[in-house]
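The structure appears right after this line, and notes come after that.
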Amino acid sequence: MKSSIPSAPPSMSTSADASAAPPGATRDGTRAAQARVWDIPVRVFHWLLVALFAVSWYTGKNGGVDEMTWHMWSGSALLALVVFRVVWGVVGSTSARFSHFLYGPKAAAEYANGLLRRRPPHYLGHTPLGGWMVVVMLASLLLQCATGLFANDDIITEGPFFAWVSKETSDWLTTIHKWNFDVLLILGGVHTAAVLYYLIVLRENLALSMFTGRKPLPAGAPDPQYRFVGAGIALVAGALIAGAVYALVW
Ligand code: HEM
Ligand code: HEM
């Protein structure tokens, strides 16, 4: 998977480099250089995703009339958000692109091996394992939204596409909606556990980087100078996608 912009693992240092000092610290105690990694659209995407996930979870499980109205809104907003992220994965900034963070099985195995020895090679963007986890989470979120569109609760709530299918098909999709939510909880749990592992064991604060957009470089590693696509383009793309989802769902 190649794009016109650099897609090799930029600022990937060897285990030996990583062992010299964790990213963010140098051996003489001075502050390490920081590189710009995540663009604004990716950061806004991520924290909106977390908020909408929480709202969809609460409203889906509490299922009253008002809650389910909110559930339709939060679920549809999440659908627009995930579609946007897929598009941004093709046209967005370097670190946002699938072509940049999807590595083959060899790199993934090497990375897993490094993790087990607590000395994984350093990647500035998503790691080979993290990249595939991102794809799995996005796919599971899309499945959740797609099945929700056809779901029903046997009482008052019907997804906007309920009438397109038979009641049996809707019931079957509702079951998948419920099961896949448990899958999402597991994925979200593994994902946050990984972020905590990096923080506590590897001493790298990935969550902070998702706010600031910056990551410390390992000592001596050059800044790969990622290419950043303007947030205005993301805003236009996001508005178009949100409009299309709104038109489809209401
Ligand atoms: C277009 C988006 C969505 C629509 C139209 C939708 C629709 C529905 C409907 C109709 C139900 C009622 C099913 C029942 O109680 O038998 C439901 C339940 C639920 N939904 Fe969604 N949903 C959407 C997205 C989501 C998302 C993104 C999440 C979570 C991230 C989610 C989580 C849940 C949960 C946890 C339940 C309760 C399941 C249970 O009773 O165990 N939904 N949804
Ligand atoms: C409070 C809980 C959470 C924290 C602290 C957190 C933190 C993070 C961090 C630090 C990253 C970047 C990882 C890296 O450096 O490679 C990330 C990426 C991501 N997270 Fe979370 N996360 C949380 C909850 C969730 C949940 C619940 C989901 C979805 C079920 C989720 C989905 C994603 C996705 C899809 C990405 C990829 C972002 C992108 O490339 O656009 N996160 N998260």
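Simple scheme: letters A, B, ... for chains in structure tokens order, numbers from 1 for residues in each chain, numbers from 1 for ligands in the order shown.
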All residues within 7 Å of ligand 1 are required, counting only C-alpha atoms and all ligand atoms; please report them as a PDB file with C-alpha atoms, in the first residue's frame.
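As a result, pocket19.pdb now contains:
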```
ATOM      1  CA  PHE A  53     -19.901   6.039  21.854  1.00  0.00           C
ATOM      2  CA  SER A  56     -25.043   5.633  22.261  1.00  0.00           C
ATOM      3  CA  TRP A  57     -24.156   3.110  24.961  1.00  0.00           C
ATOM      4  CA  GLY A  60     -29.247   2.155  23.930  1.00  0.00           C
ATOM      5  CA  LYS A  61     -29.133   0.396  27.299  1.00  0.00           C
ATOM      6  CA  GLY A  63     -34.082   2.419  26.063  1.00  0.00           C
ATOM      7  CA  HIS A  71     -29.880   7.067  20.413  1.00  0.00           C
ATOM      8  CA  MET A  72     -30.954   7.603  16.797  1.00  0.00           C
ATOM      9  CA  GLY A  75     -25.853   6.627  16.329  1.00  0.00           C
ATOM     10  CA  SER A  76     -26.365   8.543  13.082  1.00  0.00           C
ATOM     11  CA  LEU A  78     -21.371   8.265  14.792  1.00  0.00           C
ATOM     12  CA  LEU A  79     -22.120   6.797  11.379  1.00  0.00           C
ATOM     13  CA  LEU A 141     -18.440   0.632  14.481  1.00  0.00           C
ATOM     14  CA  GLN A 144     -23.021  -1.342  14.649  1.00  0.00           C
ATOM     15  CA  CYS A 145     -24.456   1.674  12.824  1.00  0.00           C
ATOM     16  CA  ALA A 146     -25.534  -0.328   9.763  1.00  0.00           C
ATOM     17  CA  GLY A 148     -28.957  -0.180  14.009  1.00  0.00           C
ATOM     18  CA  LEU A 149     -30.565   1.363  10.919  1.00  0.00           C
ATOM     19  CA  PHE A 150     -32.690  -1.804  10.504  1.00  0.00           C
ATOM     20  CA  ALA A 151     -33.162  -2.641  14.205  1.00  0.00           C
ATOM     21  CA  ASN A 152     -36.328  -2.587  16.337  1.00  0.00           C
ATOM     22  CA  ASP A 153     -37.065  -2.974  20.039  1.00  0.00           C
ATOM     23  CA  ASP A 154     -40.486  -4.660  19.653  1.00  0.00           C
ATOM     24  CA  THR A 157     -38.409   2.166  18.370  1.00  0.00           C
ATOM     25  CA  GLU A 158     -37.615   1.238  14.801  1.00  0.00           C
ATOM     26  CA  GLY A 159     -34.457   2.128  12.910  1.00  0.00           C
ATOM     27  CA  PRO A 160     -35.074   4.381   9.880  1.00  0.00           C
ATOM     28  CA  THR A 174     -31.136  -6.345  16.061  1.00  0.00           C
ATOM     29  CA  HIS A 177     -26.590  -5.025  16.894  1.00  0.00           C
ATOM     30  CA  LYS A 178     -26.632  -6.344  20.464  1.00  0.00           C
ATOM     31  CA  PHE A 181     -21.978  -3.997  20.889  1.00  0.00           C
TER      32      PHE A 181
END
```
- Task: Could the residues that lie within 9 Å of ligand 2, counting only C-alpha atoms and all ligand atoms, be listed as number ranges by chain?
- Result: A: 38, 41-47, 49-51, 53-54, 82, 85-86, 88-89, 95-98, 101, 123-127, 130-131, 133-138, 140-141, 184-189, 191-196, 205-211, 215
- Pick out the residues sitting within 12 Å of Leu116 (chain A), and hand them over as a PyMOL selection string; count only C-alpha atoms, and ignore anything fewer than 4 positions along from it in its own chain. chain A and resi 109-112+120-121+197+201-202
- Name the residues of region 29-72 of chain A that fall into helix (DSSP H, G or I) according to DSSP on the backbone, using the chain letters and numbers of this document, as a ChimeraX atom specification. /A:40-62,65-72
Only N, CA and C atoms, please: the residues just picked out, written as a tab-separated table (two decimals), in the first residue's frame.
```
chain	number	residue	atom	x	y	z
A	40	ILE	N	-5.69	18.04	13.17
A	40	ILE	CA	-6.88	18.40	13.96
A	40	ILE	C	-8.07	17.47	13.64
A	41	PRO	N	-8.35	17.16	12.35
A	41	PRO	CA	-9.49	16.27	12.08
A	41	PRO	C	-9.41	14.92	12.79
A	42	VAL	N	-8.22	14.32	12.85
A	42	VAL	CA	-8.09	13.02	13.52
A	42	VAL	C	-8.37	13.17	15.02
A	43	ARG	N	-7.85	14.26	15.59
A	43	ARG	CA	-8.06	14.45	17.05
A	43	ARG	C	-9.53	14.73	17.36
A	44	VAL	N	-10.15	15.60	16.56
A	44	VAL	CA	-11.57	15.90	16.79
A	44	VAL	C	-12.38	14.62	16.57
A	45	PHE	N	-12.02	13.89	15.50
A	45	PHE	CA	-12.71	12.62	15.23
A	45	PHE	C	-12.66	11.72	16.46
A	46	HIS	N	-11.44	11.55	17.01
A	46	HIS	CA	-11.31	10.58	18.08
A	46	HIS	C	-12.13	10.94	19.32
A	47	TRP	N	-12.06	12.21	19.76
A	47	TRP	CA	-12.74	12.53	21.01
A	47	TRP	C	-14.24	12.65	20.83
A	48	LEU	N	-14.67	13.04	19.60
A	48	LEU	CA	-16.12	13.01	19.32
A	48	LEU	C	-16.61	11.55	19.31
A	49	LEU	N	-15.78	10.67	18.75
A	49	LEU	CA	-16.11	9.24	18.72
A	49	LEU	C	-16.32	8.70	20.14
A	50	VAL	N	-15.40	9.04	21.03
A	50	VAL	CA	-15.50	8.56	22.41
A	50	VAL	C	-16.80	9.09	23.05
A	51	ALA	N	-17.09	10.39	22.82
A	51	ALA	CA	-18.30	10.99	23.42
A	51	ALA	C	-19.57	10.34	22.84
A	52	LEU	N	-19.61	10.17	21.52
A	52	LEU	CA	-20.82	9.60	20.90
A	52	LEU	C	-20.98	8.12	21.25
A	53	PHE	N	-19.86	7.45	21.43
A	53	PHE	CA	-19.90	6.04	21.85
A	53	PHE	C	-20.57	5.95	23.23
A	54	ALA	N	-20.15	6.85	24.13
A	54	ALA	CA	-20.72	6.83	25.49
A	54	ALA	C	-22.22	7.15	25.45
A	55	VAL	N	-22.61	8.15	24.65
A	55	VAL	CA	-24.03	8.52	24.57
A	55	VAL	C	-24.84	7.36	23.97
A	56	SER	N	-24.31	6.74	22.90
A	56	SER	CA	-25.04	5.63	22.26
A	56	SER	C	-25.18	4.44	23.21
A	57	TRP	N	-24.15	4.21	23.98
A	57	TRP	CA	-24.16	3.11	24.96
A	57	TRP	C	-25.23	3.37	26.01
A	58	TYR	N	-25.18	4.57	26.62
A	58	TYR	CA	-26.14	4.90	27.68
A	58	TYR	C	-27.58	4.87	27.17
A	59	THR	N	-27.81	5.53	26.03
A	59	THR	CA	-29.19	5.63	25.53
A	59	THR	C	-29.70	4.28	25.05
A	60	GLY	N	-28.82	3.48	24.40
A	60	GLY	CA	-29.25	2.15	23.93
A	60	GLY	C	-29.64	1.26	25.08
A	61	LYS	N	-28.86	1.28	26.16
A	61	LYS	CA	-29.13	0.40	27.30
A	61	LYS	C	-30.29	0.88	28.16
A	62	ASN	N	-30.57	2.20	28.14
A	62	ASN	CA	-31.65	2.72	28.98
A	62	ASN	C	-32.98	2.83	28.25
A	65	VAL	N	-38.34	6.28	25.72
A	65	VAL	CA	-38.70	7.00	24.48
A	65	VAL	C	-37.68	8.10	24.20
A	66	ASP	N	-37.41	8.95	25.19
A	66	ASP	CA	-36.46	10.05	24.98
A	66	ASP	C	-35.06	9.52	24.69
A	67	GLU	N	-34.67	8.51	25.45
A	67	GLU	CA	-33.33	7.95	25.26
A	67	GLU	C	-33.16	7.42	23.84
A	68	MET	N	-34.20	6.73	23.34
A	68	MET	CA	-34.05	6.15	22.00
A	68	MET	C	-34.04	7.23	20.92
A	69	THR	N	-34.72	8.35	21.17
A	69	THR	CA	-34.63	9.46	20.21
A	69	THR	C	-33.18	9.94	20.16
A	70	TRP	N	-32.59	10.10	21.35
A	70	TRP	CA	-31.18	10.50	21.40
A	70	TRP	C	-30.28	9.44	20.77
A	71	HIS	N	-30.68	8.17	20.96
A	71	HIS	CA	-29.88	7.07	20.41
A	71	HIS	C	-29.80	7.16	18.88
A	72	MET	N	-30.93	7.48	18.26
A	72	MET	CA	-30.95	7.60	16.80
A	72	MET	C	-30.01	8.72	16.36
```
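Nearest-residue note for Asp39 (chain A): choosing from A:Val183, A:Leu142, A:Ala234, A:Ala80, the minimum distance belongs to A:Ala234, counting only C-alpha atoms.
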List the neighbours of region 220-233 of chain A out to 7 Å using only C-alpha atoms; skip same-chain residues closer than 2 positions along the sequence, and give me the result as a short mmCIF file (atom, residue, chain, number, x, y, z; two decimals) with C-alpha atoms, in the first residue's frame.
```cif
data_model
loop_
_atom_site.label_atom_id
_atom_site.label_comp_id
_atom_site.auth_asym_id
_atom_site.auth_seq_id
_atom_site.Cartn_x
_atom_site.Cartn_y
_atom_site.Cartn_z
CA PRO A 10 9.04 7.31 9.69
CA SER A 11 10.98 7.85 12.82
CA ALA A 35 7.08 16.04 16.10
CA ASP A 39 -3.87 16.57 12.50
CA ILE A 40 -6.88 18.40 13.96
CA PRO A 41 -9.49 16.27 12.08
CA GLY A 92 -6.10 13.00 4.74
CA SER A 93 -2.75 13.89 6.27
CA THR A 94 0.16 11.42 6.23
CA LEU A 217 10.86 11.81 19.24
CA PRO A 218 13.30 9.21 20.55
CA LEU A 235 -14.72 20.54 7.44
CA VAL A 236 -16.21 20.57 3.92
CA ALA A 237 -15.90 16.77 3.61
#
```
